[in-house]
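Visitor: What follows is the file my_file_2.tsv, containing TSV, C-alpha atoms:
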chain	number	residue	atom	x	y	z
A	8	MET	CA	28.58	-15.45	18.72
A	9	PRO	CA	25.47	-15.41	16.47
A	10	ILE	CA	23.51	-12.17	16.27
A	11	LYS	CA	20.11	-12.62	17.90
A	12	ILE	CA	16.90	-11.09	16.61
A	13	GLU	CA	16.41	-9.28	19.93
A	14	THR	CA	19.82	-7.66	19.53
A	15	LEU	CA	18.67	-6.24	16.19
A	16	ARG	CA	15.40	-5.11	17.77
A	17	CYS	CA	17.27	-3.35	20.56
A	18	PHE	CA	19.59	-1.59	18.12
A	19	CYS	CA	16.76	-0.50	15.80
A	20	THR	CA	14.66	0.82	18.68
A	21	VAL	CA	17.55	2.94	19.97
A	22	ALA	CA	18.26	4.20	16.44
A	23	GLN	CA	14.59	5.13	15.96
A	24	THR	CA	14.14	6.86	19.33
A	25	GLY	CA	17.58	8.45	19.54
A	26	ASN	CA	18.05	7.74	23.26
A	27	LEU	CA	18.37	4.85	25.67
A	28	MET	CA	15.56	5.91	28.01
A	29	GLU	CA	12.84	5.90	25.35
A	30	ALA	CA	14.13	2.66	23.87
A	31	ALA	CA	14.14	1.01	27.30
A	32	ASP	CA	10.53	2.09	27.88
A	33	ARG	CA	9.42	0.67	24.54
A	34	LEU	CA	11.17	-2.64	25.05
A	35	GLY	CA	10.33	-3.01	28.73
A	36	ARG	CA	13.98	-3.28	29.73
A	37	THR	CA	16.40	-1.23	31.84
A	38	GLN	CA	18.68	1.38	30.30
A	39	SER	CA	21.71	-0.54	31.52
A	40	ALA	CA	20.50	-3.69	29.78
A	41	ILE	CA	19.96	-1.78	26.53
A	42	SER	CA	23.38	-0.18	26.80
A	43	MET	CA	25.03	-3.55	27.45
A	44	THR	CA	23.30	-5.13	24.45
A	45	LEU	CA	24.50	-2.33	22.17
A	46	LYS	CA	28.05	-2.62	23.49
A	47	GLN	CA	28.08	-6.37	22.91
A	48	PHE	CA	26.72	-5.83	19.39
A	49	GLU	CA	29.43	-3.27	18.56
A	50	ASP	CA	32.13	-5.48	20.12
A	51	HIS	CA	30.93	-8.39	17.99
A	52	LEU	CA	31.07	-6.28	14.82
A	53	GLY	CA	34.31	-4.58	15.79
A	54	LYS	CA	32.88	-1.23	14.63
A	55	LYS	CA	30.94	1.66	16.13
A	56	LEU	CA	27.26	1.93	15.17
A	57	PHE	CA	26.72	5.36	16.71
A	58	GLU	CA	28.72	8.57	16.59
A	59	GLY	CA	29.39	9.74	20.14
A	60	GLU	CA	27.82	8.44	23.31
A	61	ARG	CA	24.31	9.97	23.06
A	62	LYS	CA	22.99	7.35	20.60
A	63	ASN	CA	21.19	10.00	18.55
A	64	ARG	CA	23.33	9.81	15.43
A	65	LEU	CA	24.23	6.67	13.49
A	66	SER	CA	27.66	6.11	12.03
A	67	PRO	CA	27.90	5.37	8.28
A	68	LEU	CA	28.05	1.65	9.11
A	69	GLY	CA	25.22	2.10	11.62
A	70	LYS	CA	22.97	3.42	8.86
A	71	GLN	CA	23.60	0.35	6.74
A	72	VAL	CA	23.11	-2.01	9.67
A	73	PHE	CA	19.90	-0.20	10.62
A	74	ASP	CA	18.37	-0.61	7.15
A	75	LEU	CA	19.29	-4.28	7.00
A	76	SER	CA	18.19	-4.97	10.57
A	77	LEU	CA	14.85	-3.22	10.17
A	78	LYS	CA	14.09	-5.26	7.08
A	79	GLN	CA	14.89	-8.50	8.91
A	80	LEU	CA	12.79	-7.48	11.92
A	81	ARG	CA	9.78	-6.80	9.75
A	82	GLN	CA	10.17	-10.14	8.01
A	83	PHE	CA	10.57	-11.93	11.34
A	84	ASP	CA	7.54	-10.23	12.90
A	85	GLN	CA	5.45	-11.00	9.82
A	86	ALA	CA	6.60	-14.62	9.92
A	87	VAL	CA	5.48	-14.87	13.55
A	88	LEU	CA	2.09	-13.42	12.63
A	89	ASP	CA	1.79	-15.83	9.71
A	90	ILE	CA	2.68	-18.80	11.92
A	91	GLU	CA	0.13	-17.78	14.54
A	92	ALA	CA	-2.49	-17.26	11.84
A	93	ALA	CA	-1.73	-20.68	10.35
A	94	VAL	CA	-2.08	-22.32	13.76
A	95	ASN	CA	-5.45	-20.64	14.30
A	96	ALA	CA	-6.67	-21.26	10.74
A	97	GLU	CA	-7.94	-24.77	11.30
A	98	HIS	CA	-10.45	-24.49	8.44
A	99	GLY	CA	-8.29	-22.41	6.12
A	100	LEU	CA	-6.83	-18.94	5.71
A	101	LEU	CA	-7.42	-16.46	2.90
A	102	ARG	CA	-5.41	-13.22	2.56
A	103	ILE	CA	-6.56	-10.59	0.07
A	104	VAL	CA	-4.79	-7.29	-0.59
A	105	SER	CA	-6.40	-4.70	-2.87
A	106	VAL	CA	-6.18	-1.11	-3.98
A	107	PRO	CA	-8.75	0.87	-1.92
A	108	SER	CA	-11.10	1.79	-4.77
A	109	VAL	CA	-11.67	-1.85	-5.70
A	110	ALA	CA	-11.61	-3.07	-2.10
A	111	ALA	CA	-14.71	-0.97	-1.45
A	112	ILE	CA	-16.49	-2.93	-4.18
A	113	VAL	CA	-15.09	-6.42	-3.67
A	114	PHE	CA	-14.50	-6.84	0.07
A	115	PRO	CA	-18.13	-6.69	1.26
A	116	LYS	CA	-19.23	-9.28	-1.32
A	117	VAL	CA	-16.30	-11.57	-0.58
A	118	LEU	CA	-16.88	-11.42	3.17
A	119	GLN	CA	-20.55	-12.27	2.79
A	120	HIS	CA	-19.70	-15.13	0.43
A	121	MET	CA	-17.00	-16.52	2.73
A	122	THR	CA	-19.10	-16.41	5.91
A	123	GLN	CA	-22.02	-18.12	4.16
A	124	ASN	CA	-20.09	-20.79	2.28
A	125	PHE	CA	-16.86	-21.34	4.23
A	126	PRO	CA	-17.67	-21.19	7.96
A	127	GLY	CA	-14.62	-21.18	10.17
A	128	VAL	CA	-12.25	-19.92	7.48
A	129	LYS	CA	-9.99	-17.05	8.60
A	130	VAL	CA	-10.05	-14.06	6.25
A	131	GLU	CA	-7.53	-11.21	6.23
A	132	LEU	CA	-8.35	-8.16	4.10
A	133	ARG	CA	-6.04	-5.20	3.57
A	134	ASP	CA	-6.24	-2.17	1.27
A	135	THR	CA	-3.11	-0.38	0.07
A	136	ASP	CA	-1.54	1.01	-3.10
A	137	THR	CA	-0.59	-1.06	-6.14
A	138	ALA	CA	3.13	-1.24	-5.29
A	139	GLN	CA	2.42	-2.72	-1.86
A	140	VAL	CA	-0.16	-5.12	-3.29
A	141	LEU	CA	2.54	-6.50	-5.59
A	142	ASP	CA	5.08	-6.62	-2.75
A	143	ALA	CA	2.65	-8.60	-0.59
A	144	LEU	CA	2.22	-11.16	-3.37
A	145	THR	CA	5.92	-11.59	-4.13
A	146	GLU	CA	6.78	-11.82	-0.42
A	147	GLY	CA	4.15	-14.49	0.20
A	148	LYS	CA	2.01	-12.24	2.40
A	149	ALA	CA	-1.10	-12.46	0.22
A	150	ASP	CA	-2.98	-15.17	-1.65
A	151	ILE	CA	-4.98	-12.79	-3.84
A	152	GLY	CA	-4.14	-9.28	-4.95
A	153	ILE	CA	-6.17	-6.68	-6.83
A	154	ALA	CA	-4.19	-3.87	-8.44
A	155	SER	CA	-4.17	-1.33	-11.25
A	156	GLY	CA	-2.30	-2.27	-14.40
A	157	HIS	CA	-0.67	-5.48	-15.60
A	158	HIS	CA	2.57	-6.52	-13.91
A	159	ALA	CA	4.54	-9.70	-14.57
A	160	LEU	CA	5.36	-11.43	-11.27
A	161	ASN	CA	7.17	-14.73	-10.81
A	162	GLY	CA	4.86	-17.30	-9.24
A	163	VAL	CA	1.79	-15.08	-9.64
A	164	THR	CA	-0.96	-15.36	-12.25
A	165	ALA	CA	-2.61	-12.16	-13.52
A	166	LEU	CA	-6.25	-12.21	-14.64
A	167	PRO	CA	-8.10	-9.19	-16.09
A	168	LEU	CA	-10.90	-8.08	-13.77
A	169	PHE	CA	-12.42	-4.91	-15.26
A	170	GLU	CA	-11.72	-1.55	-16.90
A	171	ASP	CA	-12.97	1.92	-16.00
A	172	ARG	CA	-12.42	5.30	-17.60
A	173	PHE	CA	-10.50	8.22	-16.17
A	174	GLY	CA	-12.18	11.56	-15.56
A	175	LEU	CA	-12.03	14.85	-13.72
A	176	VAL	CA	-12.65	14.89	-9.97
A	177	CYS	CA	-13.19	18.25	-8.29
A	178	ALA	CA	-15.62	20.18	-6.11
A	179	VAL	CA	-19.22	20.16	-7.35
A	180	ASP	CA	-19.19	23.94	-7.75
A	181	HIS	CA	-15.81	24.14	-9.50
A	182	PRO	CA	-16.00	26.02	-12.85
A	183	LEU	CA	-14.85	22.92	-14.76
A	184	MET	CA	-17.71	20.92	-13.28
A	185	THR	CA	-20.32	23.53	-14.09
A	186	GLN	CA	-19.19	24.62	-17.57
A	187	THR	CA	-21.71	23.77	-20.27
A	188	SER	CA	-19.26	22.83	-23.02
A	189	PRO	CA	-17.70	19.35	-23.10
A	190	LEU	CA	-14.68	18.99	-20.85
A	191	VAL	CA	-11.32	18.48	-22.61
A	192	ILE	CA	-7.73	18.04	-21.47
A	193	ASP	CA	-6.84	21.67	-22.28
A	194	ASP	CA	-9.41	22.76	-19.68
A	195	ILE	CA	-7.50	20.82	-17.02
A	196	LEU	CA	-4.22	22.43	-18.07
A	197	SER	CA	-5.66	25.82	-17.14
A	198	VAL	CA	-6.27	25.13	-13.43
A	199	PRO	CA	-4.17	23.98	-10.41
A	200	PHE	CA	-3.76	20.20	-10.64
A	201	ILE	CA	-2.91	17.60	-7.98
A	202	ARG	CA	-1.04	14.55	-9.20
A	203	ASN	CA	-1.83	11.10	-7.77
A	204	ALA	CA	-0.25	7.69	-8.30
A	205	LEU	CA	-2.97	6.54	-10.72
A	206	CYS	CA	-2.04	9.35	-13.09
A	207	ASP	CA	1.03	7.31	-14.05
A	208	LEU	CA	-1.27	4.83	-15.80
A	209	ILE	CA	-2.39	7.48	-18.30
A	210	GLN	CA	-0.41	7.66	-21.56
A	211	SER	CA	-1.92	10.84	-23.06
A	212	PRO	CA	0.92	13.32	-23.79
A	213	ARG	CA	-1.40	16.28	-23.23
A	214	LEU	CA	-2.43	15.12	-19.78
A	215	HIS	CA	1.19	14.35	-18.92
A	216	GLU	CA	1.81	18.06	-19.45
A	217	ALA	CA	-0.61	18.81	-16.63
A	218	ILE	CA	0.92	16.09	-14.49
A	219	GLY	CA	4.41	17.44	-15.11
A	220	GLN	CA	3.37	20.94	-14.07
A	221	ALA	CA	1.76	19.78	-10.83
A	222	ASP	CA	3.51	21.05	-7.72
A	223	ILE	CA	1.58	18.75	-5.40
A	224	THR	CA	1.45	14.96	-5.35
A	225	ILE	CA	-0.85	13.12	-2.94
A	226	HIS	CA	-0.81	9.33	-2.74
A	227	ASN	CA	-3.54	8.82	-0.14
A	228	THR	CA	-6.98	8.95	-1.79
A	229	HIS	CA	-8.75	10.31	1.30
A	230	SER	CA	-6.28	13.19	1.60
A	231	LEU	CA	-6.53	13.81	-2.13
A	232	ILE	CA	-10.32	14.14	-2.02
A	233	THR	CA	-10.09	16.39	1.03
A	234	MET	CA	-7.92	18.78	-0.97
A	235	VAL	CA	-10.06	18.88	-4.11
A	236	ARG	CA	-13.21	19.43	-2.02
A	237	THR	CA	-11.87	22.88	-1.16
A	238	GLY	CA	-12.44	23.93	-4.76
A	239	ASN	CA	-8.85	25.09	-5.25
A	240	TRP	CA	-7.52	22.03	-7.06
A	241	VAL	CA	-8.63	19.31	-9.44
A	242	THR	CA	-7.34	15.81	-10.14
A	243	VAL	CA	-7.97	12.87	-12.46
A	244	LEU	CA	-9.14	9.49	-11.16
A	245	PRO	CA	-10.85	6.34	-12.47
A	246	GLN	CA	-14.64	6.33	-12.18
A	247	THR	CA	-14.77	3.49	-9.66
A	248	VAL	CA	-12.74	5.65	-7.27
A	249	ALA	CA	-15.09	8.56	-7.89
A	250	ASP	CA	-18.13	6.43	-7.06
A	251	TYR	CA	-17.08	6.54	-3.41
A	252	ILE	CA	-16.13	10.20	-3.07
A	253	PRO	CA	-18.13	12.50	-0.73
A	254	GLU	CA	-21.12	14.47	-2.01
A	255	ALA	CA	-19.15	17.73	-2.11
A	256	THR	CA	-17.07	16.35	-4.99
A	257	ALA	CA	-18.04	14.94	-8.36
A	258	PHE	CA	-16.72	13.03	-11.39
A	259	ARG	CA	-16.93	14.20	-14.99
A	260	PRO	CA	-15.67	12.40	-18.13
A	261	ILE	CA	-13.03	14.11	-20.28
A	262	LYS	CA	-13.99	14.08	-23.94
A	263	ASP	CA	-10.50	13.64	-25.42
A	264	LEU	CA	-9.25	11.23	-22.76
A	265	PRO	CA	-10.62	7.82	-23.79
A	266	GLU	CA	-8.02	5.86	-21.82
A	267	GLN	CA	-9.17	3.41	-19.21
A	268	ARG	CA	-7.58	1.97	-16.12
A	269	GLN	CA	-7.15	-1.79	-16.28
A	270	VAL	CA	-7.61	-3.64	-13.01
A	271	TYR	CA	-6.13	-7.12	-12.61
A	272	LEU	CA	-6.71	-9.96	-10.21
A	273	TYR	CA	-3.42	-11.51	-9.07
A	274	VAL	CA	-3.33	-15.07	-7.76
A	275	SER	CA	-0.36	-16.45	-5.84
A	276	GLU	CA	0.74	-19.94	-6.88
A	277	ARG	CA	2.09	-20.44	-3.34
A	278	SER	CA	-1.23	-20.18	-1.54
A	279	ARG	CA	-1.38	-22.50	1.48
A	280	PHE	CA	-5.03	-23.31	0.71
A	281	PRO	CA	-5.21	-23.38	-3.12
A	282	ASP	CA	-8.75	-24.81	-3.31
A	283	LEU	CA	-10.02	-21.99	-1.11
A	284	THR	CA	-8.09	-19.41	-3.12
A	285	ASN	CA	-9.37	-20.74	-6.46
A	286	ALA	CA	-12.96	-20.81	-5.22
A	287	THR	CA	-12.67	-17.17	-4.13
A	288	ILE	CA	-11.12	-16.20	-7.47
A	289	GLU	CA	-14.06	-17.75	-9.30
A	290	PHE	CA	-16.48	-15.85	-7.11
A	291	ILE	CA	-14.72	-12.49	-7.60
A	292	LEU	CA	-14.56	-12.95	-11.36
A	293	SER	CA	-18.30	-13.67	-11.54
A	294	HIS	CA	-19.65	-11.45	-8.76
A	295	GLY	CA	-16.91	-9.15	-7.54
A	296	THR	CA	-17.58	-6.05	-9.68
How would this structure read if it were set down as structure tokens?
Guide:
Amino acid sequence: MPIKIETLRCFCTVAQTGNLMEAADRLGRTQSAISMTLKQFEDHLGKKLFEGERKNRLSPLGKQVFDLSLKQLRQFDQAVLDIEAAVNAEHGLLRIVSVPSVAAIVFPKVLQHMTQNFPGVKVELRDTDTAQVLDALTEGKADIGIASGHHALNGVTALPLFEDRFGLVCAVDHPLMTQTSPLVIDDILSVPFIRNALCDLIQSPRLHEAIGQADITIHNTHSLITMVRTGNWVTVLPQTVADYIPEATAFRPIKDLPEQRQVYLYVSERSRFPDLTNATIEFILSHGT
């Protein structure tokens, strides 16, 4: 008997909730139906997926099946969304994924350009970190990606977009922001530092000392800025990120940190509407920053 996608969905929902009642509520089915589906799944596999009868603890095999099933469910659900989008995209579909700092610059211009020049085209915009931008491209979930750093991807062309320098970001009244002498890396080593994902792009050994000593790592930019606004911590970010931080925080260049972040435009060679994608690429390269 082939394993159905709904069997995997039932199993994953029970594994996530830890009980049949909650899983039944989420799936809109009865507890007995959920229980029967799980039994049939285990009978088919010839192995137990849960330890005990309470369904709140996966067996070693159950953990492996859960990871594999969840991945397949996400791919299936995304495929359904892509199919529905393709059906509705009579005049074309454009999917752009970007790191947040660049999305704030590029997305408004692209949207205005698309609505004026390509009426009826469906546009999907999403901001996320560099790793997920690259994943979206390799998995065929994006036509255009904008990310920090150069990464070789099969079936994806990388084009340089712009560079911006790194600098200190902290509260406007922080001593490092108000000191009269030029700011240097050693100054940053003397205060509590929060590491962020963009710090990995910096090659300076001296700054890596500060990064290595950091007890806190925050990946979400909004949460990061919220923390440094308190005045208790500092961080290092590219200037384009700093251009969109709240007034209570500020950006200051670091004299002995000349490194710059390189931002690349990634173009999928598998775009369903290549003419539309190429036209948008040309616009971003000439007007996007």
Visitor: What is the CA of His98 (chain A) to CA of Val113 (chain A) distance in Å?
Guide: 22.2 Å
Visitor: Can you list, as a list in words, every protein, DNA or RNA residue that comes within 12 Å of Asp263 (chain A) when you count only C-alpha atoms, leaving out same-chain residues fewer than 5 positions away?
Guide: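 Residues meeting the cut-off are Arg172, Phe173, Gly174, Leu175, Pro189, Leu190, Val191, Ile192, Asp193, Asp194, Ile195, Ser211, Pro212, Arg213 and Leu214 of chain A.
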Visitor: Rounded to one decimal place, report the CA of Gly53 (chain A)-CA of Leu77 (chain A) distance in Å.
Guide: 20.3 Å
Visitor: What does the distance from CA of Arg133 (chain A) to CA of Ala257 (chain A) come to in Å, to one decimal?
Guide: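 CA of Ala257 (chain A) lies 26.3 Å from CA of Arg133 (chain A).
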Visitor: What are the nearest atom pairs, with distances in Å to one decimal, for all residues of region 136-166 of chain A that come at most 12 Å from region 281-285 of chain A, using all atoms listed in the file, set out by chain and rising residue number as CSV?
Guide:
residue,atom,partner,partner_atom,distance
A:Ala149,CA,A:Thr284,CA,10.4
A:Asp150,CA,A:Thr284,CA,6.8
A:Ile151,CA,A:Thr284,CA,7.3
A:Gly152,CA,A:Thr284,CA,11.0
A:Thr164,CA,A:Asn285,CA,11.5
Visitor: Choose the residue, out of A:Asn63, A:Thr135, A:Thr14, A:Gln210, that has the smallest atom-to-atom separation from Ala40 (chain A); count only C-alpha atoms.
Guide: A:Thr14
Visitor: Using all atoms listed in the file, can you list as a PyMOL selection string the residues within 12 Å of (18.2, 4.3, 20.9)?
Guide: chain A and resi 15-34+38+41-42+44-45+56-57+60-65+69+73
Visitor: Looking at A:Gly35, A:Gly127, A:Pro245, A:Pro167, which one is nearest to Ala204 (chain A), with distances taken over all atoms listed in the file?
Guide: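 Smallest separation from Ala204 (chain A) among the options: A:Pro245.
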Visitor: For region 143-164 of chain A, supply N, CA and C atoms and report the output as a JSON list (two decimals), keeping the file's coordinate frame.
Guide:
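Contents of selection_12.json, freshly written:
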[["chain", "number", "residue", "atom", "x", "y", "z"],
["A", 143, "ALA", "N", 3.26, -7.59, -1.45],
["A", 143, "ALA", "CA", 2.65, -8.60, -0.59],
["A", 143, "ALA", "C", 2.57, -9.95, -1.30],
["A", 144, "LEU", "N", 2.31, -9.93, -2.59],
["A", 144, "LEU", "CA", 2.22, -11.16, -3.37],
["A", 144, "LEU", "C", 3.59, -11.82, -3.53],
["A", 145, "THR", "N", 4.59, -11.03, -3.90],
["A", 145, "THR", "CA", 5.92, -11.59, -4.13],
["A", 145, "THR", "C", 6.57, -12.06, -2.83],
["A", 146, "GLU", "N", 6.20, -11.45, -1.71],
["A", 146, "GLU", "CA", 6.78, -11.82, -0.42],
["A", 146, "GLU", "C", 5.98, -12.91, 0.29],
["A", 147, "GLY", "N", 4.94, -13.42, -0.38],
["A", 147, "GLY", "CA", 4.15, -14.49, 0.20],
["A", 147, "GLY", "C", 3.22, -14.06, 1.31],
["A", 148, "LYS", "N", 2.88, -12.76, 1.35],
["A", 148, "LYS", "CA", 2.01, -12.24, 2.40],
["A", 148, "LYS", "C", 0.56, -12.13, 1.96],
["A", 149, "ALA", "N", 0.27, -12.52, 0.73],
["A", 149, "ALA", "CA", -1.10, -12.46, 0.22],
["A", 149, "ALA", "C", -1.34, -13.62, -0.72],
["A", 150, "ASP", "N", -2.58, -14.11, -0.72],
["A", 150, "ASP", "CA", -2.98, -15.17, -1.65],
["A", 150, "ASP", "C", -3.60, -14.58, -2.91],
["A", 151, "ILE", "N", -4.31, -13.46, -2.73],
["A", 151, "ILE", "CA", -4.98, -12.79, -3.84],
["A", 151, "ILE", "C", -4.67, -11.30, -3.76],
["A", 152, "GLY", "N", -4.38, -10.71, -4.89],
["A", 152, "GLY", "CA", -4.14, -9.28, -4.95],
["A", 152, "GLY", "C", -4.99, -8.65, -6.04],
["A", 153, "ILE", "N", -5.41, -7.42, -5.83],
["A", 153, "ILE", "CA", -6.17, -6.68, -6.83],
["A", 153, "ILE", "C", -5.46, -5.34, -7.00],
["A", 154, "ALA", "N", -5.00, -5.06, -8.23],
["A", 154, "ALA", "CA", -4.19, -3.87, -8.44],
["A", 154, "ALA", "C", -4.43, -3.28, -9.82],
["A", 155, "SER", "N", -4.04, -2.03, -9.97],
["A", 155, "SER", "CA", -4.17, -1.33, -11.25],
["A", 155, "SER", "C", -3.01, -1.69, -12.16],
["A", 156, "GLY", "N", -3.33, -1.98, -13.42],
["A", 156, "GLY", "CA", -2.30, -2.27, -14.40],
["A", 156, "GLY", "C", -1.84, -3.71, -14.38],
["A", 157, "HIS", "N", -1.18, -4.11, -15.49],
["A", 157, "HIS", "CA", -0.67, -5.48, -15.60],
["A", 157, "HIS", "C", 0.81, -5.49, -15.25],
["A", 158, "HIS", "N", 1.18, -6.41, -14.35],
["A", 158, "HIS", "CA", 2.57, -6.52, -13.91],
["A", 158, "HIS", "C", 2.95, -7.99, -13.90],
["A", 159, "ALA", "N", 4.07, -8.32, -14.53],
["A", 159, "ALA", "CA", 4.54, -9.70, -14.57],
["A", 159, "ALA", "C", 5.26, -10.02, -13.26],
["A", 160, "LEU", "N", 4.77, -11.03, -12.55],
["A", 160, "LEU", "CA", 5.36, -11.43, -11.27],
["A", 160, "LEU", "C", 5.63, -12.93, -11.29],
["A", 161, "ASN", "N", 6.81, -13.32, -10.87],
["A", 161, "ASN", "CA", 7.17, -14.73, -10.81],
["A", 161, "ASN", "C", 6.32, -15.44, -9.76],
["A", 162, "GLY", "N", 5.68, -16.53, -10.16],
["A", 162, "GLY", "CA", 4.86, -17.30, -9.24],
["A", 162, "GLY", "C", 3.49, -16.71, -8.98],
["A", 163, "VAL", "N", 3.09, -15.74, -9.80],
["A", 163, "VAL", "CA", 1.79, -15.08, -9.64],
["A", 163, "VAL", "C", 1.10, -15.01, -10.99],
["A", 164, "THR", "N", -0.16, -15.41, -11.02],
["A", 164, "THR", "CA", -0.96, -15.36, -12.25],
["A", 164, "THR", "C", -1.81, -14.11, -12.26]]
